[in-house]
Structures are given as structure tokens and as C-alpha cells.
$ cat coords_19.csv   # CSV, C-alpha atoms
chain,number,residue,atom,x,y,z
A,1,MET,CA,-13.8,-0.6,38.5
A,2,VAL,CA,-14.0,2.5,40.6
A,3,ASP,CA,-11.6,2.5,43.6
A,4,LEU,CA,-13.2,2.8,47.0
A,5,LYS,CA,-11.5,6.0,47.9
A,6,TYR,CA,-13.9,7.5,50.4
A,7,GLY,CA,-16.1,4.7,51.4
A,8,ASN,CA,-15.5,1.1,52.3
A,9,GLU,CA,-11.8,1.3,51.9
A,10,ALA,CA,-11.7,3.4,55.1
A,11,VAL,CA,-14.0,1.0,57.0
A,12,ARG,CA,-12.7,-2.4,55.9
A,13,GLU,CA,-12.5,-3.5,59.5
A,14,GLY,CA,-16.3,-3.1,59.9
A,15,ASN,CA,-18.3,-4.0,63.0
A,16,LYS,CA,-19.1,-7.7,63.4
A,17,SER,CA,-22.7,-8.6,64.2
A,18,ARG,CA,-23.6,-10.1,67.5
A,19,GLY,CA,-24.6,-13.8,67.9
A,20,LEU,CA,-25.1,-16.3,70.6
A,21,SER,CA,-22.5,-18.8,71.6
A,22,PRO,CA,-23.2,-22.4,70.3
A,23,ILE,CA,-25.5,-24.4,72.6
A,24,PRO,CA,-23.7,-27.3,74.1
A,25,ALA,CA,-24.8,-30.8,73.0
A,26,MET,CA,-26.1,-31.7,76.5
A,27,GLY,CA,-26.2,-35.4,75.6
A,28,ALA,CA,-28.4,-35.3,72.5
A,29,PRO,CA,-30.6,-38.4,72.3
A,30,ARG,CA,-29.7,-41.0,69.8
A,31,GLY,CA,-31.7,-42.8,67.2
A,32,ALA,CA,-35.4,-42.1,67.2
A,33,LEU,CA,-35.8,-38.3,67.7
A,34,PRO,CA,-32.8,-36.5,66.0
A,35,ARG,CA,-35.1,-34.1,64.1
A,36,LEU,CA,-37.1,-33.2,67.3
A,37,TRP,CA,-33.8,-32.5,69.0
A,38,ARG,CA,-32.6,-30.2,66.3
A,39,ALA,CA,-35.9,-28.4,66.4
A,40,ALA,CA,-35.6,-28.0,70.2
A,41,GLN,CA,-32.1,-26.5,69.8
A,42,LEU,CA,-33.5,-24.0,67.3
A,43,LEU,CA,-36.4,-23.1,69.6
A,44,LEU,CA,-34.0,-22.6,72.5
A,45,LEU,CA,-31.8,-20.3,70.3
A,46,LEU,CA,-34.8,-18.2,69.2
A,47,ALA,CA,-36.2,-18.0,72.7
A,48,ALA,CA,-32.9,-16.5,73.8
A,49,GLY,CA,-33.5,-13.7,71.3
A,50,GLY,CA,-30.7,-14.7,68.8
A,51,ALA,CA,-30.2,-16.3,65.5
A,52,ALA,CA,-27.5,-18.5,64.0
A,53,PRO,CA,-24.8,-16.2,62.6
A,54,ALA,CA,-24.8,-16.0,58.8
A,55,ASP,CA,-22.0,-15.2,56.4
A,56,PRO,CA,-21.9,-11.6,55.2
A,57,GLN,CA,-23.8,-11.0,52.0
A,58,TRP,CA,-21.6,-8.2,50.7
A,59,ARG,CA,-17.9,-7.5,50.4
A,60,GLY,CA,-18.0,-4.2,52.3
A,61,ALA,CA,-18.3,-3.3,56.0
A,62,GLY,CA,-21.8,-3.1,57.4
A,63,THR,CA,-23.7,0.0,58.5
A,64,SER,CA,-21.7,1.9,61.1
A,65,PRO,CA,-23.3,1.6,64.5
A,66,HIS,CA,-25.1,4.7,65.8
A,67,LEU,CA,-25.1,6.2,62.3
A,68,ARG,CA,-27.7,8.8,63.0
A,69,SER,CA,-26.0,10.0,66.2
A,70,ILE,CA,-22.6,10.2,64.5
A,71,PHE,CA,-24.1,12.1,61.5
A,72,LEU,CA,-26.0,14.6,63.6
A,73,GLY,CA,-23.0,15.1,66.1
A,74,ARG,CA,-20.6,15.8,63.3
A,75,CYS,CA,-23.0,18.2,61.7
A,76,ALA,CA,-23.5,20.1,64.9
A,77,ASP,CA,-19.8,20.2,65.7
A,78,TYR,CA,-19.0,21.4,62.2
A,79,LEU,CA,-21.5,24.3,62.3
A,80,ALA,CA,-20.4,25.3,65.8
A,81,LEU,CA,-16.6,25.0,65.5
A,82,LEU,CA,-15.7,25.2,61.9
A,83,GLY,CA,-18.5,27.0,60.1
A,84,PRO,CA,-20.2,29.4,62.5
A,85,GLN,CA,-21.3,31.4,59.4
A,86,LEU,CA,-23.3,28.3,58.4
A,87,ARG,CA,-25.5,28.2,61.5
A,88,ASP,CA,-28.6,28.7,59.4
A,89,LYS,CA,-28.1,25.0,58.3
A,90,ASN,CA,-30.5,22.6,59.9
A,91,CYS,CA,-28.8,19.3,60.8
A,92,THR,CA,-32.0,17.5,61.3
A,93,ALA,CA,-33.3,18.4,57.9
A,94,ILE,CA,-29.9,17.4,56.4
A,95,TRP,CA,-30.2,14.0,58.0
A,96,GLU,CA,-33.8,13.5,56.9
A,97,ALA,CA,-32.7,14.2,53.3
A,98,PHE,CA,-29.8,11.8,53.6
A,99,LYS,CA,-31.7,8.9,55.1
A,100,VAL,CA,-34.1,8.5,52.2
A,101,VAL,CA,-31.4,6.2,50.7
A,102,LEU,CA,-31.7,3.9,53.7
A,103,ASP,CA,-35.1,2.8,52.5
A,104,LYS,CA,-33.8,1.8,49.1
A,105,ASP,CA,-32.5,-1.5,47.8
A,106,PRO,CA,-28.7,-1.5,48.6
A,107,CYS,CA,-27.8,-1.8,44.9
A,108,SER,CA,-30.3,0.7,43.6
A,109,VAL,CA,-29.0,4.0,45.1
A,110,LEU,CA,-28.1,6.6,42.5
A,111,PRO,CA,-26.0,9.7,43.0
A,112,SER,CA,-29.0,11.8,42.2
A,113,ASP,CA,-30.8,10.3,45.3
A,114,TYR,CA,-28.5,12.6,47.4
A,115,ASP,CA,-29.5,15.8,45.5
A,116,LEU,CA,-31.7,17.2,48.3
A,117,PHE,CA,-29.1,16.3,50.9
A,118,MET,CA,-26.5,18.1,48.8
A,119,ASN,CA,-28.6,21.2,48.4
A,120,LEU,CA,-29.2,21.5,52.1
A,121,SER,CA,-25.6,20.9,53.2
A,122,ARG,CA,-23.6,22.6,50.4
A,123,HIS,CA,-21.6,25.7,51.2
A,124,SER,CA,-18.9,27.7,49.5
A,125,ILE,CA,-15.2,26.6,49.5
A,126,PRO,CA,-12.6,29.4,50.1
A,127,ARG,CA,-10.6,30.2,47.0
A,128,ASP,CA,-7.2,28.3,46.7
A,129,LYS,CA,-8.1,26.0,49.5
A,130,SER,CA,-9.3,22.9,47.6
A,131,LEU,CA,-7.1,19.8,48.0
A,132,PHE,CA,-7.7,16.7,45.9
A,133,TRP,CA,-5.9,13.4,46.5
A,134,GLU,CA,-5.4,9.8,45.7
A,135,ASN,CA,-4.0,7.0,48.0
A,136,ASN,CA,-2.9,9.2,50.9
A,137,GLN,CA,-6.1,9.9,52.9
A,138,PHE,CA,-4.6,10.2,56.3
A,139,LEU,CA,-1.7,12.4,55.2
A,140,ILE,CA,-4.3,14.7,53.6
A,141,THR,CA,-6.3,14.9,56.9
A,142,SER,CA,-3.2,15.6,58.9
A,143,TYR,CA,-1.9,18.3,56.6
A,144,ALA,CA,-5.2,20.1,56.1
A,145,GLU,CA,-5.4,20.4,59.9
A,146,ASN,CA,-9.1,20.6,60.3
A,147,THR,CA,-9.6,23.3,57.5
A,148,ARG,CA,-6.8,25.5,58.8
A,149,ARG,CA,-4.5,25.0,55.8
A,150,PHE,CA,-6.8,23.4,53.2
A,151,MET,CA,-10.3,22.1,52.9
A,152,PRO,CA,-10.3,18.6,51.3
A,153,LEU,CA,-13.7,17.0,50.6
A,154,SER,CA,-13.7,15.4,54.1
A,155,ASP,CA,-13.5,18.9,55.6
A,156,ILE,CA,-16.6,20.2,53.8
A,157,LEU,CA,-19.9,19.7,55.7
A,158,TYR,CA,-21.4,17.2,53.3
A,159,GLY,CA,-18.1,15.3,53.3
A,160,ARG,CA,-17.5,15.5,57.0
A,161,VAL,CA,-20.9,13.8,57.9
A,162,GLY,CA,-20.1,10.7,55.8
A,163,HIS,CA,-16.4,10.4,56.3
A,164,VAL,CA,-15.2,6.8,56.8
A,165,LEU,CA,-18.8,5.6,57.6
A,166,SER,CA,-20.8,2.9,55.9
A,167,TRP,CA,-24.5,2.5,55.4
A,168,CYS,CA,-27.1,0.4,53.6
A,169,ARG,CA,-30.5,-1.2,53.9
A,170,GLN,CA,-30.9,-5.0,54.2
A,171,LYS,CA,-31.3,-6.7,50.8
A,172,ASN,CA,-34.7,-8.2,51.3
A,173,ALA,CA,-36.0,-6.6,54.4
A,174,SER,CA,-36.5,-3.2,56.0
A,175,GLY,CA,-33.9,-1.9,58.5
A,176,LEU,CA,-30.2,-1.3,58.2
A,177,ASP,CA,-27.7,-4.1,57.4
A,178,TYR,CA,-25.1,-4.0,60.1
A,179,LYS,CA,-23.3,-7.1,58.9
A,180,SER,CA,-22.1,-6.0,55.4
A,181,CYS,CA,-22.8,-3.5,52.6
A,182,PRO,CA,-22.1,-3.7,48.9
A,183,THR,CA,-19.0,-2.2,47.3
A,184,SER,CA,-18.4,-1.5,43.6
A,185,GLU,CA,-17.4,-5.2,43.3
A,186,ASP,CA,-20.9,-6.2,44.3
A,187,CYS,CA,-22.9,-3.6,42.4
A,188,GLU,CA,-22.2,-0.1,40.9
A,189,ASN,CA,-25.2,1.7,42.4
A,190,ASN,CA,-24.4,1.1,46.1
A,191,ALA,CA,-25.2,3.7,48.7
A,192,VAL,CA,-21.7,4.7,49.8
A,193,ASP,CA,-20.1,4.9,46.3
A,194,SER,CA,-23.1,6.9,45.0
A,195,PHE,CA,-22.7,9.3,47.9
A,196,TRP,CA,-19.1,10.0,47.2
A,197,LYS,CA,-19.7,10.3,43.4
A,198,ARG,CA,-22.3,13.0,44.1
A,199,ALA,CA,-20.1,14.7,46.7
A,200,SER,CA,-16.9,14.6,44.6
A,201,THR,CA,-18.7,16.1,41.6
A,202,GLN,CA,-20.1,19.0,43.7
A,203,TYR,CA,-16.7,19.6,45.4
A,204,SER,CA,-15.0,19.9,42.0
A,205,LYS,CA,-17.7,22.3,40.7
A,206,ASP,CA,-17.3,24.5,43.7
A,207,SER,CA,-13.5,24.6,43.8
A,208,SER,CA,-11.7,27.8,42.5
A,209,GLY,CA,-8.4,29.5,42.3
A,210,VAL,CA,-5.3,27.4,42.6
A,211,ILE,CA,-6.3,23.7,42.8
A,212,HIS,CA,-4.0,21.4,44.7
A,213,VAL,CA,-3.7,17.7,44.0
A,214,MET,CA,-1.7,15.3,46.3
A,215,LEU,CA,-0.7,11.9,44.8
A,216,ASN,CA,1.2,9.0,46.2
A,217,GLY,CA,4.4,8.4,44.1
A,218,SER,CA,5.1,5.2,46.0
A,219,GLU,CA,1.8,3.5,45.1
A,220,PRO,CA,2.8,0.3,43.2
A,221,THR,CA,-0.2,0.6,40.8
A,222,GLY,CA,0.7,4.2,39.9
A,223,ALA,CA,0.2,7.7,41.5
A,224,TYR,CA,-2.8,8.6,39.4
A,225,PRO,CA,-5.4,5.8,39.1
A,226,ILE,CA,-6.8,6.0,35.5
A,227,ARG,CA,-10.1,4.8,36.9
A,228,GLY,CA,-11.0,6.3,40.3
A,229,PHE,CA,-13.0,9.0,42.0
A,230,PHE,CA,-10.5,11.7,41.1
A,231,ALA,CA,-10.2,10.7,37.5
A,232,ASP,CA,-13.9,9.9,36.9
A,233,PHE,CA,-15.8,12.3,39.2
A,234,GLU,CA,-13.5,15.2,40.0
A,235,VAL,CA,-11.3,16.1,37.1
A,236,PRO,CA,-14.1,16.1,34.5
A,237,TYR,CA,-16.0,18.7,36.6
A,238,PHE,CA,-13.2,21.2,37.1
A,239,GLN,CA,-14.6,24.6,36.1
A,240,LYS,CA,-12.4,26.3,33.5
A,241,ASP,CA,-13.6,29.8,34.2
A,242,LYS,CA,-13.0,29.4,38.0
A,243,ILE,CA,-9.6,27.8,38.1
A,244,THR,CA,-6.3,29.8,37.6
A,245,ARG,CA,-4.0,26.8,37.7
A,246,ILE,CA,-3.5,23.3,39.1
A,247,GLU,CA,-0.6,22.3,41.3
A,248,ILE,CA,0.3,18.6,41.6
A,249,TRP,CA,2.3,17.3,44.5
A,250,VAL,CA,3.8,13.8,44.1
A,251,MET,CA,4.7,12.6,47.6
A,252,HIS,CA,6.8,9.5,48.2
A,253,GLU,CA,6.6,7.4,51.3
A,254,ILE,CA,9.6,7.7,53.7
A,255,GLY,CA,12.0,4.7,53.1
A,256,GLU,CA,9.9,3.2,50.2
A,257,PRO,CA,10.6,3.1,46.5
A,258,LYS,CA,9.8,6.1,44.3
A,259,VAL,CA,7.6,4.3,41.8
A,260,GLU,CA,6.6,7.5,39.9
A,261,SER,CA,7.5,11.1,39.9
A,262,CYS,CA,6.5,14.2,38.0
A,263,GLY,CA,6.5,13.6,34.2
A,264,GLU,CA,6.5,9.8,34.7
A,265,GLY,CA,4.0,7.0,34.2
A,266,SER,CA,0.5,7.8,35.3
A,267,VAL,CA,1.5,11.3,36.5
A,268,LYS,CA,2.4,12.1,32.9
A,269,ILE,CA,-1.0,10.9,31.8
A,270,LEU,CA,-2.6,13.3,34.2
A,271,GLU,CA,-0.4,16.2,33.1
A,272,LYS,CA,-1.3,15.5,29.5
A,273,ARG,CA,-5.0,15.3,30.4
A,274,LEU,CA,-5.0,18.7,32.2
A,275,LYS,CA,-3.1,20.3,29.3
A,276,GLU,CA,-5.6,19.0,26.8
A,277,MET,CA,-8.4,20.4,29.0
A,278,GLY,CA,-6.7,23.8,28.7
A,279,PHE,CA,-5.5,24.1,32.3
A,280,GLN,CA,-2.2,25.6,33.4
A,281,TYR,CA,-0.4,23.2,35.8
A,282,SER,CA,2.8,22.5,37.6
A,283,CYS,CA,4.1,19.4,39.3
A,284,ILE,CA,6.4,19.2,42.4
A,285,ASN,CA,8.0,16.1,43.8
A,286,ASP,CA,7.9,15.8,47.6
A,287,TYR,CA,6.4,19.2,48.3
A,288,LEU,CA,8.5,20.4,51.2
A,289,PRO,CA,5.9,21.4,53.8
A,290,VAL,CA,4.1,18.0,53.4
A,291,LYS,CA,7.4,16.1,53.4
A,292,LEU,CA,8.4,17.8,56.7
A,293,LEU,CA,5.1,16.7,58.2
A,294,LYS,CA,5.8,13.1,57.1
A,295,CYS,CA,9.3,13.4,58.6
A,296,VAL,CA,8.0,14.1,62.1
A,297,ASP,CA,7.5,10.4,62.5
A,298,HIS,CA,10.8,9.5,60.7
A,299,SER,CA,13.2,12.2,62.0
A,300,THR,CA,16.3,10.1,61.8
A,301,HIS,CA,15.7,8.5,58.5
A,302,PRO,CA,18.1,9.4,55.7
A,303,ASP,CA,15.1,10.5,53.5
A,304,CYS,CA,14.5,13.2,56.1
A,305,ALA,CA,18.1,14.6,56.2
A,306,LEU,CA,17.8,18.4,56.0
A,307,ASN,CA,21.3,18.9,54.6
A,308,SER,CA,22.9,22.1,55.9
A,309,ALA,CA,20.2,22.8,58.4
A,310,ALA,CA,20.5,19.4,60.0
A,311,ALA,CA,24.3,19.5,59.9
A,312,SER,CA,24.4,22.9,61.6
A,313,ILE,CA,22.2,21.7,64.4
A,314,GLN,CA,24.1,18.5,64.9
A,315,ARG,CA,27.6,20.1,64.9
A,316,GLY,CA,29.1,20.1,68.4
A,317,VAL,CA,26.0,18.4,69.9
A,318,PRO,CA,26.7,15.3,72.0
A,319,SER,CA,25.5,12.1,70.3
A,320,LEU,CA,23.1,11.4,73.2
A,321,TYR,CA,21.0,14.4,72.1
A,322,THR,CA,21.3,14.2,68.3
A,323,GLU,CA,18.2,12.2,67.8
A,324,GLN,CA,16.2,14.3,70.2
A,325,SER,CA,17.3,17.5,68.5
A,326,ALA,CA,16.3,16.2,65.0
A,327,GLY,CA,12.9,15.3,66.4
A,328,LEU,CA,12.4,18.8,67.7
A,329,VAL,CA,13.7,20.8,64.7
A,330,ILE,CA,11.5,19.0,62.2
A,331,PRO,CA,8.1,20.1,63.8
A,332,LEU,CA,9.5,23.6,64.0
A,333,LEU,CA,10.3,23.5,60.2
A,334,VAL,CA,6.9,22.2,59.5
A,335,ALA,CA,5.3,25.2,61.2
A,336,LEU,CA,7.7,27.6,59.4
A,337,ALA,CA,7.2,26.0,56.0
A,338,SER,CA,3.4,26.0,56.4
A,339,SER,CA,3.3,29.6,57.5
A,340,ALA,CA,5.4,30.6,54.5
A,341,GLN,CA,3.0,28.9,52.0
A,342,MET,CA,-0.2,30.3,53.6
$ encode --input "coords_19.csv" --output "C-alpha cells"
Amino acid sequence: MVDLKYGNEAVREGNKSRGLSPIPAMGAPRGALPRLWRAAQLLLLLAAGGAAPADPQWRGAGTSPHLRSIFLGRCADYLALLGPQLRDKNCTAIWEAFKVVLDKDPCSVLPSDYDLFMNLSRHSIPRDKSLFWENNQFLITSYAENTRRFMPLSDILYGRVGHVLSWCRQKNASGLDYKSCPTSEDCENNAVDSFWKRASTQYSKDSSGVIHVMLNGSEPTGAYPIRGFFADFEVPYFQKDKITRIEIWVMHEIGEPKVESCGEGSVKILEKRLKEMGFQYSCINDYLPVKLLKCVDHSTHPDCALNSAAASIQRGVPSLYTEQSAGLVIPLLVALASSAQM
């Protein structure tokens, strides 16, 4: 089963459909006319413009409200603020190419259905800026800093417009399903997973130079899912002639167990796979610039002790200000470390 890395995992708290409050009994008649009474209740409900709420049909969140407006707004923002060199892109045409899947059965959408959308929205990725990941989506977003440091898939135009959104047509009717959409547990060819399969494949093909991969070494099921978007739709499409080496960062959650590190468990499986594919690679546990970013929110935790640097700052400082000083120095070191690696 493919993990829902980019799609419904991020929108699991989907929007609930609207419904009318139950109609009070109002002294329903007894005996002779119960069926007529129930029919009258139904007519009142329909006259009010509503329908009795039904259970969601699928496991995933329903179509994101205002999908078209969000899509077009993100596209326009991206072109204006992050990709001024891409201003020849036509956001309306990109949306029209995307929305063809909204007319298809929710379990009959293929990755190839997004080909025209991809051709219209695709653009180059700066060398050495690609950042792949598993099980640390929000850390990736924070560290990439809106394309300033790196450009993960969600910071590419075609990834940005679909990021943490959900969409699908109703099963047996026209129109969008705002109540629920299928996940891979419901059917393989659902609209959201097929979108990210197509986007992931393109992202891998367009990546070059040093490839960076961030894994979560505190994930109980393993840092590198053997079946997942990265394993199934990104690694197989790495271009040998465009990639110089691959750098793996195994990050551990502050204060949580270190389930796997470089050379262990599923990470070792990934290393073996890359070696067999002929790639040069390296692996770093708790890559310092990223760890410093994580420590911004845990400045006094022992995992974030900065040894001699922290000790020199705290010597001779009244205890009242110790926590405040640690909280100030870590963001400074984040900036310094990030500047050094850029």
C-alpha cells in the first residue's frame, strides 16, 4: 500500500458537509398515519433546501472548499513572488488542464491524466536544490524556507498548487464530493494519489547535482518506507547522468527514541539500493543546520545542548536569563549554519 505522503495524510481533518438540524417531533400523531407523518417530515426537510446527512463514502477528506480559487491564487502568487521568470505561464490554462480529472470517476484517475497539466506547469529546478523526504513534511517546509534554501516538491509550481489539498468527483453524479474522497485504501487510481505519483516522477527526472534526502529516524515503522512515494515514484526515476551524489540526512525528533540511524534498518536498505543503482551517496545523522532549526522550539532540552558554545554563553550569566539566552543563540546559530552550507 502506498503511503499518503502528499495527499490525504495532510488533510485528514477534512471539511464536514453542512446539514440541517433534526426537526423536532412536534407531537407526531399516533396510530393511523405514521407513514404520512414521516413523509411530511421529509417534505419539510427538502423544502428547507437540505438533506439528511449521510456517512462519508470514502476514507479520505472531501474536496477542499474553494478549490479553484485556492489553485489559481497559489499559481498567481508563485509566478509573481517566487518565479518571476515564469510569468509566461498561464494559470487559467493550467487550471483547465488540471480540472479534467474532476469529471472522471473518483477511482478511475490515472497519473497520465495529469500530463497536460504537467506540461503547462513544469519548470526547471536549480541544480543542488532538490530535497526529497519521508515522514517530516512540516520540517521540510520550514527548512526550505519558501525556496530560499531548497526546493522540495511542494515548492515547485505544480506541487505548490496541489499542496495539502484534496479533490474528487462524486461517485455516481456530476459535481465535486465535498464529504469524502478515496485514498489508496479505497482504490489505487484515486485523483490525489495519481496527482502526486505524476508530480513525484517529474520532480525526480528534473532534479540534478547533489540530491538531498531527509528521513525521520524516530519513525516507529522505519525511516525509509519500503513502499511509498519516495521508494516507488522518486528513487526509480533518478537520472544517473544528471546526479553527482546523494546526501541522506537522518533526523531524530527532539526527546524521542532514535529508532534508526545511518547504516541501520531501512536506512541501510536505501543505502544498498542507491549503491546498486550506481550512485555515490553519504549519510549524516542529525544534519546540524536542520537540528538547530528543530531546537528553536526545544532550546532547553538536553538533546539541544551545544556543548562548549552553550557552556561559554551560560558561564557567569544569572540563572534568570539562562533560558532566554539559549533561546536567542539557537536561532542565531541556525542562520550561521544555513549560510555556511549555502
$ atom_distance --input "coords_19.csv" --atom1 "CA of Ser174 (chain A)" --atom2 "CA of Gln57 (chain A)"
15.4 Å
$ residues_around --input "coords_19.csv" --residues "region 137-140 of chain A" --least-positions-apart "5" --cutoff "8 Å" --atoms "only C-alpha atoms" --output "PDB file with C-alpha atoms, in the frame of the given file"
ATOM      1  CA  PRO A 152     -10.300  18.600  51.300  1.00  0.00           C
ATOM      2  CA  MET A 214      -1.700  15.300  46.300  1.00  0.00           C
ATOM      3  CA  LYS A 294       5.800  13.100  57.100  1.00  0.00           C
TER       4      LYS A 294
END
$ atom_distance --input "coords_19.csv" --atom1 "CA of Thr300 (chain A)" --atom2 "CA of Cys262 (chain A)"
26.1 Å
$ closest_residue --input "coords_19.csv" --among "A:Arg198, A:Lys272, A:Lys240, A:Arg160" --to "Val109 (chain A)" --atoms "all atoms listed in the file"
A:Arg198
$ atom_distance --input "coords_19.csv" --atom1 "CA of Asp77 (chain A)" --atom2 "CA of Gly60 (chain A)"
27.9 Å
$ closest_atom_pairs --input "coords_19.csv" --of "region 44-126 of chain A" --to "region 190-193 of chain A" --cutoff "9 Å" --atoms "only C-alpha atoms" --output "Markdown table"
| residue | atom | partner | partner_atom | distance |
| --- | --- | --- | --- | --- |
| A:Val101 | CA | A:Ala191 | CA | 7.0 |
| A:Leu102 | CA | A:Ala191 | CA | 8.2 |
| A:Lys104 | CA | A:Ala191 | CA | 8.8 |
| A:Asp105 | CA | A:Asn190 | CA | 8.7 |
| A:Pro106 | CA | A:Asn190 | CA | 5.6 |
| A:Cys107 | CA | A:Asn190 | CA | 4.6 |
| A:Ser108 | CA | A:Asn190 | CA | 6.4 |
| A:Val109 | CA | A:Ala191 | CA | 5.2 |
| A:Leu110 | CA | A:Ala191 | CA | 7.4 |
| A:Pro111 | CA | A:Asp193 | CA | 8.3 |
$ closest_residue --input "coords_19.csv" --among "A:Ile70, A:Ala80, A:Ala93, A:Ile125" --to "Val161 (chain A)" --atoms "all atoms listed in the file"
A:Ile70
$ residues_near_point --input "coords_19.csv" --point "(9.9, 7.3, 49.0)" --cutoff "12 Å" --atoms "all atoms listed in the file" --output "compact mmCIF listing (two decimals) with C-alpha atoms, in the frame of the given file"
# COMPACT_ATOMS: atom_id res chain seq x y z
CA ASN A 216 1.20 9.00 46.20
CA GLY A 217 4.40 8.40 44.10
CA SER A 218 5.10 5.20 46.00
CA GLU A 219 1.80 3.50 45.10
CA PRO A 220 2.80 0.30 43.20
CA VAL A 250 3.80 13.80 44.10
CA MET A 251 4.70 12.60 47.60
CA HIS A 252 6.80 9.50 48.20
CA GLU A 253 6.60 7.40 51.30
CA ILE A 254 9.60 7.70 53.70
CA GLY A 255 12.00 4.70 53.10
CA GLU A 256 9.90 3.20 50.20
CA PRO A 257 10.60 3.10 46.50
CA LYS A 258 9.80 6.10 44.30
CA VAL A 259 7.60 4.30 41.80
CA GLU A 260 6.60 7.50 39.90
CA SER A 261 7.50 11.10 39.90
CA ASN A 285 8.00 16.10 43.80
CA ASP A 286 7.90 15.80 47.60
CA LYS A 291 7.40 16.10 53.40
CA LYS A 294 5.80 13.10 57.10
CA CYS A 295 9.30 13.40 58.60
CA HIS A 298 10.80 9.50 60.70
CA HIS A 301 15.70 8.50 58.50
CA PRO A 302 18.10 9.40 55.70
CA ASP A 303 15.10 10.50 53.50
CA CYS A 304 14.50 13.20 56.10
$ closest_residue --input "coords_19.csv" --among "A:Ile269, A:Leu131, A:Val100, A:Ile226" --to "Ser204 (chain A)" --atoms "all atoms listed in the file"
A:Leu131
$ closest_residue --input "coords_19.csv" --among "A:Glu271, A:Asp241, A:Arg148, A:Phe117" --to "Gly83 (chain A)" --atoms "all atoms listed in the file"
A:Arg148
